[in-house]
$ cat final30.pdb   # PDB, C-alpha atoms
ATOM      1  CA  MET O   1       0.000   0.000   0.000  1.00  0.00           C
ATOM      2  CA  ILE O   2       2.840   2.352   0.681  1.00  0.00           C
ATOM      3  CA  PRO O   3       3.985   2.399  -2.971  1.00  0.00           C
ATOM      4  CA  VAL O   4       0.443   3.319  -4.012  1.00  0.00           C
ATOM      5  CA  ARG O   5       0.480   6.268  -1.593  1.00  0.00           C
ATOM      6  CA  ARG O   6       3.803   7.436  -2.951  1.00  0.00           C
ATOM      7  CA  VAL O   7       2.562   7.240  -6.516  1.00  0.00           C
ATOM      8  CA  PHE O   8      -0.612   9.082  -5.541  1.00  0.00           C
ATOM      9  CA  LEU O   9       1.318  11.803  -3.669  1.00  0.00           C
ATOM     10  CA  SER O  10       3.749  12.119  -6.572  1.00  0.00           C
ATOM     11  CA  LEU O  11       0.849  12.614  -8.953  1.00  0.00           C
ATOM     12  CA  LEU O  12      -0.646  15.275  -6.681  1.00  0.00           C
ATOM     13  CA  VAL O  13       2.648  17.125  -6.467  1.00  0.00           C
ATOM     14  CA  LEU O  14       3.075  17.036 -10.224  1.00  0.00           C
ATOM     15  CA  ALA O  15      -0.547  17.874 -11.016  1.00  0.00           C
ATOM     16  CA  GLY O  16      -0.845  20.642  -8.401  1.00  0.00           C
ATOM     17  CA  PRO O  17       0.739  23.428 -10.491  1.00  0.00           C
ATOM     18  CA  THR O  18      -1.293  22.378 -13.510  1.00  0.00           C
ATOM     19  CA  MET O  19      -4.546  22.574 -11.574  1.00  0.00           C
ATOM     20  CA  ALA O  20      -3.552  25.945 -10.132  1.00  0.00           C
ATOM     21  CA  GLN O  21      -2.902  27.296 -13.619  1.00  0.00           C
ATOM     22  CA  GLY O  22      -6.386  26.311 -14.697  1.00  0.00           C
ATOM     23  CA  LYS O  23      -7.900  28.511 -11.993  1.00  0.00           C
ATOM     24  CA  ASN O  24      -6.304  31.682 -13.404  1.00  0.00           C
ATOM     25  CA  THR O  25      -7.768  31.353 -16.859  1.00  0.00           C
ATOM     26  CA  PRO O  26      -9.883  34.339 -17.814  1.00  0.00           C
ATOM     27  CA  PRO O  27     -13.625  33.823 -18.140  1.00  0.00           C
ATOM     28  CA  PRO O  28     -14.853  33.111 -21.633  1.00  0.00           C
ATOM     29  CA  ARG O  29     -15.383  36.248 -23.710  1.00  0.00           C
ATOM     30  CA  GLN O  30     -18.929  37.307 -24.198  1.00  0.00           C
ATOM     31  CA  GLU O  31     -19.899  38.358 -27.652  1.00  0.00           C
ATOM     32  CA  GLU O  32     -20.170  42.103 -27.956  1.00  0.00           C
ATOM     33  CA  ILE O  33     -23.441  43.307 -29.308  1.00  0.00           C
ATOM     34  CA  ALA O  34     -22.715  45.417 -32.336  1.00  0.00           C
ATOM     35  CA  PRO O  35     -24.776  48.571 -32.805  1.00  0.00           C
ATOM     36  CA  PRO O  36     -27.253  48.395 -35.629  1.00  0.00           C
ATOM     37  CA  PRO O  37     -25.792  49.415 -38.972  1.00  0.00           C
ATOM     38  CA  ALA O  38     -26.147  53.059 -39.874  1.00  0.00           C
ATOM     39  CA  VAL O  39     -29.247  53.766 -41.870  1.00  0.00           C
ATOM     40  CA  ILE O  40     -28.550  55.813 -44.955  1.00  0.00           C
ATOM     41  CA  VAL O  41     -31.196  58.477 -45.364  1.00  0.00           C
ATOM     42  CA  PRO O  42     -31.236  60.504 -48.591  1.00  0.00           C
ATOM     43  CA  TYR O  43     -31.566  63.802 -46.739  1.00  0.00           C
ATOM     44  CA  ASP O  44     -28.823  63.214 -44.150  1.00  0.00           C
ATOM     45  CA  ASP O  45     -26.470  65.787 -45.703  1.00  0.00           C
ATOM     46  CA  LYS O  46     -29.128  68.489 -45.593  1.00  0.00           C
ATOM     47  CA  LEU O  47     -30.106  67.417 -42.087  1.00  0.00           C
ATOM     48  CA  ALA O  48     -26.486  67.670 -40.938  1.00  0.00           C
ATOM     49  CA  ARG O  49     -26.270  71.165 -42.410  1.00  0.00           C
ATOM     50  CA  PHE O  50     -29.548  72.026 -40.665  1.00  0.00           C
ATOM     51  CA  ALA O  51     -28.089  70.809 -37.353  1.00  0.00           C
ATOM     52  CA  GLU O  52     -25.006  72.949 -37.961  1.00  0.00           C
ATOM     53  CA  VAL O  53     -27.203  75.980 -38.617  1.00  0.00           C
ATOM     54  CA  LEU O  54     -29.149  75.277 -35.413  1.00  0.00           C
ATOM     55  CA  GLY O  55     -25.878  75.250 -33.467  1.00  0.00           C
ATOM     56  CA  SER O  56     -24.796  78.546 -34.993  1.00  0.00           C
ATOM     57  CA  VAL O  57     -28.131  80.226 -34.350  1.00  0.00           C
ATOM     58  CA  HIS O  58     -28.191  78.883 -30.795  1.00  0.00           C
ATOM     59  CA  TYR O  59     -24.791  80.414 -30.073  1.00  0.00           C
ATOM     60  CA  LEU O  60     -25.536  83.758 -31.704  1.00  0.00           C
ATOM     61  CA  ARG O  61     -28.962  84.185 -30.083  1.00  0.00           C
ATOM     62  CA  THR O  62     -27.545  83.307 -26.677  1.00  0.00           C
ATOM     63  CA  LEU O  63     -24.645  85.717 -27.232  1.00  0.00           C
ATOM     64  CA  CYS O  64     -26.979  88.545 -28.207  1.00  0.00           C
ATOM     65  CA  LYS O  65     -29.438  87.662 -25.437  1.00  0.00           C
ATOM     66  CA  ALA O  66     -32.267  87.347 -27.931  1.00  0.00           C
ATOM     67  CA  PRO O  67     -35.552  85.999 -26.587  1.00  0.00           C
ATOM     68  CA  GLY O  68     -35.968  82.256 -26.952  1.00  0.00           C
ATOM     69  CA  GLY O  69     -32.251  81.521 -27.056  1.00  0.00           C
ATOM     70  CA  ASP O  70     -32.646  78.009 -25.635  1.00  0.00           C
ATOM     71  CA  GLU O  71     -35.416  77.050 -28.032  1.00  0.00           C
ATOM     72  CA  TRP O  72     -32.802  76.307 -30.714  1.00  0.00           C
ATOM     73  CA  ARG O  73     -31.031  73.764 -28.546  1.00  0.00           C
ATOM     74  CA  ASN O  74     -34.407  72.276 -27.613  1.00  0.00           C
ATOM     75  CA  SER O  75     -35.273  72.083 -31.316  1.00  0.00           C
ATOM     76  CA  MET O  76     -32.051  70.188 -31.889  1.00  0.00           C
ATOM     77  CA  GLN O  77     -32.932  67.751 -29.106  1.00  0.00           C
ATOM     78  CA  GLN O  78     -36.359  67.175 -30.667  1.00  0.00           C
ATOM     79  CA  LEU O  79     -34.693  66.604 -34.017  1.00  0.00           C
ATOM     80  CA  LEU O  80     -32.358  64.023 -32.485  1.00  0.00           C
ATOM     81  CA  ASP O  81     -35.207  62.280 -30.699  1.00  0.00           C
ATOM     82  CA  SER O  82     -37.393  62.061 -33.782  1.00  0.00           C
ATOM     83  CA  GLU O  83     -34.737  61.330 -36.408  1.00  0.00           C
ATOM     84  CA  THR O  84     -32.155  59.106 -34.781  1.00  0.00           C
ATOM     85  CA  GLY O  85     -34.079  56.769 -32.442  1.00  0.00           C
ATOM     86  CA  ASN O  86     -31.859  53.678 -32.128  1.00  0.00           C
ATOM     87  CA  GLU O  87     -29.199  54.926 -34.517  1.00  0.00           C
ATOM     88  CA  PRO O  88     -26.257  56.074 -32.391  1.00  0.00           C
ATOM     89  CA  GLN O  89     -24.047  56.790 -35.407  1.00  0.00           C
ATOM     90  CA  ARG O  90     -26.559  59.210 -36.925  1.00  0.00           C
ATOM     91  CA  LYS O  91     -27.088  60.822 -33.536  1.00  0.00           C
ATOM     92  CA  GLU O  92     -23.336  61.340 -33.166  1.00  0.00           C
ATOM     93  CA  LYS O  93     -23.103  62.801 -36.662  1.00  0.00           C
ATOM     94  CA  LEU O  94     -25.923  65.292 -36.092  1.00  0.00           C
ATOM     95  CA  THR O  95     -24.658  66.217 -32.627  1.00  0.00           C
ATOM     96  CA  ALA O  96     -21.192  66.835 -34.070  1.00  0.00           C
ATOM     97  CA  ALA O  97     -22.707  69.079 -36.746  1.00  0.00           C
ATOM     98  CA  PHE O  98     -24.596  71.100 -34.108  1.00  0.00           C
ATOM     99  CA  ASN O  99     -21.438  71.478 -32.023  1.00  0.00           C
ATOM    100  CA  ARG O 100     -19.398  72.436 -35.086  1.00  0.00           C
ATOM    101  CA  GLY O 101     -21.866  75.213 -35.908  1.00  0.00           C
ATOM    102  CA  TYR O 102     -21.800  76.420 -32.312  1.00  0.00           C
ATOM    103  CA  ARG O 103     -17.994  76.428 -32.127  1.00  0.00           C
ATOM    104  CA  ALA O 104     -17.597  78.098 -35.518  1.00  0.00           C
ATOM    105  CA  PHE O 105     -19.200  81.271 -34.229  1.00  0.00           C
ATOM    106  CA  ALA O 106     -17.848  80.952 -30.699  1.00  0.00           C
ATOM    107  CA  SER O 107     -14.354  81.243 -32.165  1.00  0.00           C
ATOM    108  CA  VAL O 108     -15.266  84.413 -34.083  1.00  0.00           C
ATOM    109  CA  TYR O 109     -17.769  86.335 -31.960  1.00  0.00           C
ATOM    110  CA  THR O 110     -17.231  86.969 -28.271  1.00  0.00           C
ATOM    111  CA  ASP O 111     -19.525  90.005 -28.151  1.00  0.00           C
ATOM    112  CA  CYS O 112     -22.842  90.722 -29.778  1.00  0.00           C
ATOM    113  CA  THR O 113     -21.979  92.968 -32.708  1.00  0.00           C
ATOM    114  CA  PRO O 114     -24.059  94.173 -35.659  1.00  0.00           C
ATOM    115  CA  ALA O 115     -22.243  91.575 -37.780  1.00  0.00           C
ATOM    116  CA  ALA O 116     -23.270  88.836 -35.335  1.00  0.00           C
ATOM    117  CA  ILE O 117     -26.895  89.959 -35.569  1.00  0.00           C
ATOM    118  CA  VAL O 118     -26.744  89.889 -39.383  1.00  0.00           C
ATOM    119  CA  ALA O 119     -25.100  86.440 -39.324  1.00  0.00           C
ATOM    120  CA  GLU O 120     -27.801  85.131 -36.985  1.00  0.00           C
ATOM    121  CA  GLU O 121     -30.533  86.418 -39.280  1.00  0.00           C
ATOM    122  CA  ARG O 122     -28.919  84.893 -42.364  1.00  0.00           C
ATOM    123  CA  TYR O 123     -28.441  81.552 -40.658  1.00  0.00           C
ATOM    124  CA  ARG O 124     -32.022  81.592 -39.412  1.00  0.00           C
ATOM    125  CA  ASN O 125     -33.164  82.172 -43.003  1.00  0.00           C
ATOM    126  CA  GLU O 126     -30.936  79.354 -44.248  1.00  0.00           C
ATOM    127  CA  GLY O 127     -32.368  77.075 -41.564  1.00  0.00           C
ATOM    128  CA  ALA O 128     -35.914  77.930 -42.621  1.00  0.00           C
ATOM    129  CA  THR O 129     -35.026  77.214 -46.250  1.00  0.00           C
ATOM    130  CA  LEU O 130     -33.438  73.871 -45.350  1.00  0.00           C
ATOM    131  CA  ALA O 131     -36.419  72.876 -43.207  1.00  0.00           C
ATOM    132  CA  THR O 132     -38.796  73.707 -46.053  1.00  0.00           C
ATOM    133  CA  GLU O 133     -36.707  71.798 -48.611  1.00  0.00           C
ATOM    134  CA  ILE O 134     -36.374  68.715 -46.418  1.00  0.00           C
ATOM    135  CA  THR O 135     -40.041  68.542 -45.482  1.00  0.00           C
ATOM    136  CA  SER O 136     -41.368  69.302 -48.959  1.00  0.00           C
ATOM    137  CA  ARG O 137     -39.123  66.770 -50.644  1.00  0.00           C
ATOM    138  CA  PHE O 138     -38.892  64.014 -48.038  1.00  0.00           C
ATOM    139  CA  GLY O 139     -41.762  64.748 -45.622  1.00  0.00           C
ATOM    140  CA  ASN O 140     -44.908  62.708 -45.245  1.00  0.00           C
TER     141      ASN O 140
END
$ encode --input "final30.pdb" --output "structure tokens"
Amino acid sequence: MIPVRRVFLSLLVLAGPTMAQGKNTPPPRQEEIAPPPAVIVPYDDKLARFAEVLGSVHYLRTLCKAPGGDEWRNSMQQLLDSETGNEPQRKEKLTAAFNRGYRAFASVYTDCTPAAIVAEERYRNEGATLATEITSRFGN
């Protein structure tokens, strides 16, 4: 019986490090859920420009303390909610366009000047034109 114990103990000593190594193995990788593919909408370019215009108008109206300054940001949020739904890539693209429009004027105008007021009016007109074009061509 003693030789059997020695063989058994020898096996335990040899197998011990192997069993310990098995305990440190990382858990199996879970499959990452990929976001849904980006939906290509024929009016996305115009919508991105519209978002950029909204960002510019939001900055300029806030700078010049015009009434309803926050309504432009709220309009952008409504646009994101209605247009992007479960499409994070489109949401990122439109948000980036809004921020780009905001920053474009933030880097130029630090005070409300007559030129800033004219720029705000022109951008508001461009936004109205874009909204009309998008809804008349692609609306329900």
$ resolve_selection --input "final30.pdb" --expression "the PyMOL selection byres ((chain O and resi 91) around 12)" --output "list in words"
Ala38, Val39, Asp44, Leu47, Ala48, Ala51, Met76, Gln77, Gln78, Leu79, Leu80, Asp81, Ser82, Glu83, Thr84, Gly85, Asn86, Glu87, Pro88, Gln89, Arg90, Glu92, Lys93, Leu94, Thr95, Ala96, Ala97 and Phe98 of chain O
$ atom_distance --input "final30.pdb" --atom1 "CA of Asp111 (chain O)" --atom2 "CA of Phe50 (chain O)"
24.1 Å
$ closest_residue --input "final30.pdb" --among "O:Leu60, O:Arg73, O:Gly55, O:Gln30" --to "Cys112 (chain O)" --atoms "only C-alpha atoms"
O:Leu60
$ atom_distance --input "final30.pdb" --atom1 "CA of Asp70 (chain O)" --atom2 "CA of Phe138 (chain O)"
27.1 Å
